[in-house]
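Asker: Sharing a structure below in structure tokens format, with a few things to ask.
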Amino acid sequence: MTSLKRTTFSGSVWVGASVLVAAVVQLLQMSSVARTLHPAQVGVVAASLVVLALADTIASMGIANSIIQRQDASRRELSSLYWMNVFAGALIAVVLFLSAPLFEWFFRMPELGSLVQVIGLSFLISPHGQVARGMLERHMRFKVVSVIEMISSLIILVVTVALIAVGVGPIAVAIAYASSVSVKALLFLIAARKMFFPSLHFRFDETRRFLSFGILSSVDTIIGFFAANVGSFAVGRLVSPTALGGYNLAFTYAVTTPARLNGVVTRVMFPAISQMRGDQQRQARAIRNVIGTVTMVNAPVLLTLAIVAGPFVQVFFGESWLWIAGLVQVLAGVGITRAMGNPMGAILMALNRMGVGVIVNVIKSTFHVLIVIAATVIWGVYGTSYAALLMGVVTIIVNLVLLRALAGIPIRDGLVDHLKPLVLAVPMVIVGLATMWGFTALGAPAVATLFGVSAICAASYVATLWIVKDPLATELLSVVKR
């Protein structure tokens, strides 16, 4: 195994551990919220999380990624970037604080304003760790980054559960986030102090070459954010707070959490592919491996979630939320298409072709917004989900064309990379459905059904990979074994 591959895999393991902890923490956090708060209050929490994700996307400005992509940043440039991020965070804090009534009006939730204002205060703190994090990731210090993120996730869980237990209500989630980012920013600065520590130096000219990349990256991410979350805006505005709460619970575990799993590969592969500049054949091979790996990891997890949707919802959120089981199944399909398309952003950044990505995303996202709004008006929350599934398929088709044009990967090869993991999962789906029928016929408890069927699905998928001996699967299994 080469040094770069060994470092990349080690980074993937640590980022994977961080994502796993974050996913478990979020599941426990939202389980506590769903079981304790009124359904309409769960909708308020969901709306605040959408606002938080939007503000966080804008605040980052792509700075961390620009530091990774521009490998020769000087200390003076890094200091200027640091203060630029701090100024931007302060501006976002002010905007959020002043626009809280607007969000209350849009989502028709009087309680939302106070949550938005607390979230806004957190942006006075969170930008202080962005440059430090970028330096750590540029040097592929993913172990340190991951440990810090795990600590941050646990703080969110502890603060949320404690505050909800004493009756604080939905604002507990906003306070937990603010507490978490404060600790995270401090720890990033401490961890990266030998690579970077802010000084009292700022020149706007020194940020230009980073912002040219970072702003394109950020604009593309913001466009992608609206395309990915237009369903939440549509359901919150056009349906009801309770519907938004249910949609958010289903969306979080069928789409958002798998997207975090994708970050295990794409976040580590971005700096790795960036180091392959000038070798198109090597880059193309790495890109195909990224797409194949992401799909091979996500497809069985999401197909299993679709099979056990009923007991999953019952165990973690309670019987009052069983009506979202169908949403979980549809959105699992959305999660698979998003998993296939997710690496494209990191690929375009590594190829330094963000301009192309922004143009394509603007066109695609415009259609996405229109289709989701129309479907929500006509069919409600299920219309939102089916529209997202349709756009996921369209995104895959567009990405195949981009990969052919920018990385020289034939459309046929790209299609095989996307579809092969789904074909390999067919035996698992058959076994899983049969097992689910058996557990249900025997009247097994929801907990036993959930974990029993999931375990059998996992075993059957691993057995299929071992029998078929697919080259990529064989390499992944051997690397994991080592």
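Chain identifiers are assigned as A, B, and so on, following the order in which chains appear in the structure tokens; residues are numbered from 1 within each chain, and ligands are numbered from 1 in order of appearance.
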If you count only C-alpha atoms, which residues fall within 7 Å of Pro241 (chain A), apart from same-chain ones fewer than 4 positions away, as a PyMOL selection string?

Answerer: chain A and resi 40+43-44+236+245

Asker: Include all heavy atoms and write out the residues we just selected as a CSV table (one decimal), in the first residue's frame.

Answerer:
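Generated file (again_9.csv):
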```csv
chain,number,residue,atom,x,y,z
A,40,ALA,N,-45.7,19.6,17.1
A,40,ALA,CA,-45.6,20.9,16.5
A,40,ALA,C,-44.2,21.5,16.9
A,40,ALA,O,-43.6,22.2,16.1
A,40,ALA,CB,-46.7,21.8,16.9
A,43,GLY,N,-41.5,20.3,14.9
A,43,GLY,CA,-41.4,21.1,13.7
A,43,GLY,C,-40.6,22.3,13.9
A,43,GLY,O,-39.9,22.7,13.0
A,44,VAL,N,-40.7,23.0,15.0
A,44,VAL,CA,-40.0,24.2,15.3
A,44,VAL,C,-38.5,23.9,15.3
A,44,VAL,O,-37.6,24.6,14.8
A,44,VAL,CB,-40.4,24.8,16.6
A,44,VAL,CG1,-39.5,26.0,17.0
A,44,VAL,CG2,-41.8,25.3,16.6
A,236,GLY,N,-42.6,23.1,5.4
A,236,GLY,CA,-42.8,24.0,6.5
A,236,GLY,C,-43.7,25.2,6.2
A,236,GLY,O,-44.6,25.6,7.0
A,245,GLY,N,-41.9,18.5,11.1
A,245,GLY,CA,-41.2,17.6,12.1
A,245,GLY,C,-41.0,16.2,11.6
A,245,GLY,O,-40.0,15.6,11.7
```

Asker: If DSSP is run on the backbone, what residues of region 105-251 of chain A are alpha helix (DSSP H)? A reply as a ChimeraX atom specification would be ideal.

Answerer: /A:105-107,112-122,130-138,142-165,171-191,208-238,241-251

Asker: Applying 12 Å and only C-alpha atoms, which residues near Val315 (chain A) remain after dropping the ones on its own chain fewer than 4 positions away? List them as number ranges by chain.

Answerer: A: 27-28, 31-32, 34-35, 308-311, 319-322, 325, 445-451

Asker: Write out as a list in words which residues come within 10 Å of Tyr253 (chain A) when counting only C-alpha atoms, dropping same-chain ones fewer than 3 positions away.

Answerer: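 Returned residues: Ala23, Gln26, Leu27, Asn248, Leu249, Ala250, Thr256, Thr257, Pro258, Ala259, Leu302, Leu305, Val328, Leu331, Ala332 and Gly335 of chain A.
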
Asker: List the neighbours of Leu424 (chain A) out to 8 Å using only C-alpha atoms; skip same-chain residues closer than 5 positions along the sequence, and give me the result as number ranges by chain.

Answerer: A: 461, 464-465

Asker: Could you jot down the CA of Leu157 (chain A) to CA of Ala47 (chain A) separation for me, Å, one decimal place?

Answerer: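 Separation between CA of Leu157 (chain A) and CA of Ala47 (chain A): 18.6 Å.
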
Asker: Show me, as a PyMOL selection string, the residues that have an atom within 12 Å of region 391-397 of chain A when counting only C-alpha atoms, minus same-chain residues fewer than 4 positions from it.

Answerer: chain A and resi 224+227-228+230-231+255+291+295+330-345+357+360-361+363-372+384-387+401-404+411-412+414-415+417-419

Asker: Residues of the last selection are to be written out with C-alpha atoms, as a short mmCIF file (atom, residue, chain, number, x, y, z; two decimals), in the first residue's frame.

Answerer:
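And here is the file that came out, part31.cif:
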```cif
data_model
loop_
_atom_site.label_atom_id
_atom_site.label_comp_id
_atom_site.auth_asym_id
_atom_site.auth_seq_id
_atom_site.Cartn_x
_atom_site.Cartn_y
_atom_site.Cartn_z
CA GLY A 224 -26.85 22.69 -3.52
CA ALA A 227 -31.83 22.22 -3.86
CA ALA A 228 -31.35 19.63 -1.10
CA VAL A 230 -36.22 22.97 -0.64
CA GLY A 231 -38.46 20.14 0.60
CA VAL A 255 -30.70 11.42 3.40
CA ILE A 291 -18.00 6.85 -6.63
CA THR A 295 -22.36 3.77 -3.46
CA VAL A 330 -39.20 6.87 -0.26
CA LEU A 331 -36.44 9.09 1.12
CA ALA A 332 -34.11 6.08 1.39
CA GLY A 333 -34.25 6.03 -2.41
CA VAL A 334 -33.43 9.75 -2.40
CA GLY A 335 -30.51 9.00 -0.08
CA ILE A 336 -29.10 6.45 -2.54
CA THR A 337 -29.24 8.88 -5.46
CA ARG A 338 -27.70 11.62 -3.30
CA ALA A 339 -24.94 9.20 -2.28
CA MET A 340 -24.14 8.56 -5.92
CA GLY A 341 -24.07 12.26 -6.74
CA ASN A 342 -22.47 13.59 -3.56
CA PRO A 343 -18.78 13.08 -4.53
CA MET A 344 -19.21 15.39 -7.54
CA GLY A 345 -18.69 18.55 -5.48
CA GLY A 357 -20.31 23.05 -11.27
CA VAL A 360 -24.84 23.31 -13.88
CA ASN A 361 -26.14 23.52 -10.31
CA ILE A 363 -29.86 25.27 -13.93
CA LYS A 364 -30.55 21.97 -12.18
CA SER A 365 -31.55 23.54 -8.88
CA THR A 366 -34.00 25.93 -10.55
CA PHE A 367 -35.93 22.97 -11.96
CA HIS A 368 -35.59 21.17 -8.62
CA VAL A 369 -37.18 24.02 -6.66
CA LEU A 370 -40.07 24.38 -9.12
CA ILE A 371 -40.81 20.63 -9.21
CA VAL A 372 -40.69 20.24 -5.41
CA THR A 384 -42.10 16.51 -1.79
CA SER A 385 -40.36 13.15 -1.35
CA TYR A 386 -41.14 11.79 -4.82
CA ALA A 387 -40.01 15.04 -6.44
CA VAL A 401 -21.96 13.74 -18.60
CA LEU A 402 -19.70 15.98 -16.47
CA LEU A 403 -17.38 13.11 -15.60
CA ARG A 404 -17.02 12.33 -19.29
CA ILE A 411 -20.40 7.32 -19.59
CA ARG A 412 -20.69 3.53 -19.79
CA GLY A 414 -19.50 5.72 -14.93
CA LEU A 415 -22.91 4.03 -15.20
CA ASP A 417 -19.72 2.33 -11.17
CA HIS A 418 -23.12 3.68 -10.08
CA LEU A 419 -25.26 0.60 -10.72
#
```

Asker: Give me the residues near region 17-21 of chain A as a ChimeraX atom specification, where near means some atom within 7 Å (using only C-alpha atoms) and where sequence neighbours in that chain fewer than 2 positions away do not count.

Answerer: /A:13-15,23-25,146-147,149-150,260-261

Asker: Keeping only N, CA and C atoms, write the selected residues to a file as a PDB file, in the first residue's frame.

Answerer:
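Written file, again.pdb:
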```pdb
ATOM      1  N   VAL A  13     -10.775   6.062   8.178  1.00  0.00           N
ATOM      2  CA  VAL A  13     -11.177   5.350   9.395  1.00  0.00           C
ATOM      3  C   VAL A  13     -11.561   6.349  10.485  1.00  0.00           C
ATOM      4  N   TRP A  14     -10.719   7.381  10.671  1.00  0.00           N
ATOM      5  CA  TRP A  14     -10.994   8.345  11.735  1.00  0.00           C
ATOM      6  C   TRP A  14     -12.205   9.209  11.422  1.00  0.00           C
ATOM      7  N   VAL A  15     -12.296   9.672  10.166  1.00  0.00           N
ATOM      8  CA  VAL A  15     -13.474  10.460   9.796  1.00  0.00           C
ATOM      9  C   VAL A  15     -14.723   9.589   9.905  1.00  0.00           C
ATOM     10  N   ALA A  23     -23.663  10.420  13.963  1.00  0.00           N
ATOM     11  CA  ALA A  23     -24.945   9.842  13.548  1.00  0.00           C
ATOM     12  C   ALA A  23     -25.689   9.245  14.743  1.00  0.00           C
ATOM     13  N   VAL A  24     -24.965   8.522  15.600  1.00  0.00           N
ATOM     14  CA  VAL A  24     -25.588   7.926  16.785  1.00  0.00           C
ATOM     15  C   VAL A  24     -26.074   9.019  17.738  1.00  0.00           C
ATOM     16  N   VAL A  25     -25.229  10.046  17.924  1.00  0.00           N
ATOM     17  CA  VAL A  25     -25.601  11.156  18.800  1.00  0.00           C
ATOM     18  C   VAL A  25     -26.849  11.857  18.278  1.00  0.00           C
ATOM     19  N   SER A 146     -11.167  14.488  13.790  1.00  0.00           N
ATOM     20  CA  SER A 146     -12.269  13.586  14.130  1.00  0.00           C
ATOM     21  C   SER A 146     -12.512  13.509  15.630  1.00  0.00           C
ATOM     22  N   VAL A 147     -11.447  13.471  16.412  1.00  0.00           N
ATOM     23  CA  VAL A 147     -11.612  13.434  17.873  1.00  0.00           C
ATOM     24  C   VAL A 147     -12.320  14.698  18.353  1.00  0.00           C
ATOM     25  N   GLU A 149     -14.360  16.583  16.638  1.00  0.00           N
ATOM     26  CA  GLU A 149     -15.757  16.537  16.205  1.00  0.00           C
ATOM     27  C   GLU A 149     -16.576  15.565  17.057  1.00  0.00           C
ATOM     28  N   MET A 150     -15.960  14.475  17.497  1.00  0.00           N
ATOM     29  CA  MET A 150     -16.667  13.545  18.378  1.00  0.00           C
ATOM     30  C   MET A 150     -16.983  14.203  19.728  1.00  0.00           C
ATOM     31  N   ARG A 260     -23.487  12.372   5.358  1.00  0.00           N
ATOM     32  CA  ARG A 260     -22.323  12.470   6.237  1.00  0.00           C
ATOM     33  C   ARG A 260     -21.383  11.288   6.046  1.00  0.00           C
ATOM     34  N   LEU A 261     -21.971  10.113   5.823  1.00  0.00           N
ATOM     35  CA  LEU A 261     -21.133   8.949   5.543  1.00  0.00           C
ATOM     36  C   LEU A 261     -20.328   9.167   4.268  1.00  0.00           C
TER      37      LEU A 261
END
```

Asker: For a quick check of understanding, using only C-alpha atoms, which of A:Met84, A:Ala441, A:Val173, A:Leu115 has the smallest distance to Ser99 (chain A)?

Answerer: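 Of all the options, A:Leu115 lies closest to Ser99 (chain A).
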
Asker: Which is closer to Ala192 (chain A) than all the others in A:Arg133, A:Arg138, A:Lys143, A:Arg208, using only C-alpha atoms?

Answerer: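 The closest residue to Ala192 (chain A) is A:Arg133.
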
Asker: Measuring between only C-alpha atoms, which one of A:Ser48, A:Thr57, A:Gln283, A:Thr376 shows the shortest distance to Pro127 (chain A)?

Answerer: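 Of the candidates, the smallest distance to Pro127 (chain A) is held by A:Thr57.
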
Asker: Just to confirm, what's the straight-line distance from CA of Tyr177 (chain A) to CA of Val158 (chain A) in Å (one decimal)?

Answerer: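 Interatomic distance here is 10.9 Å.
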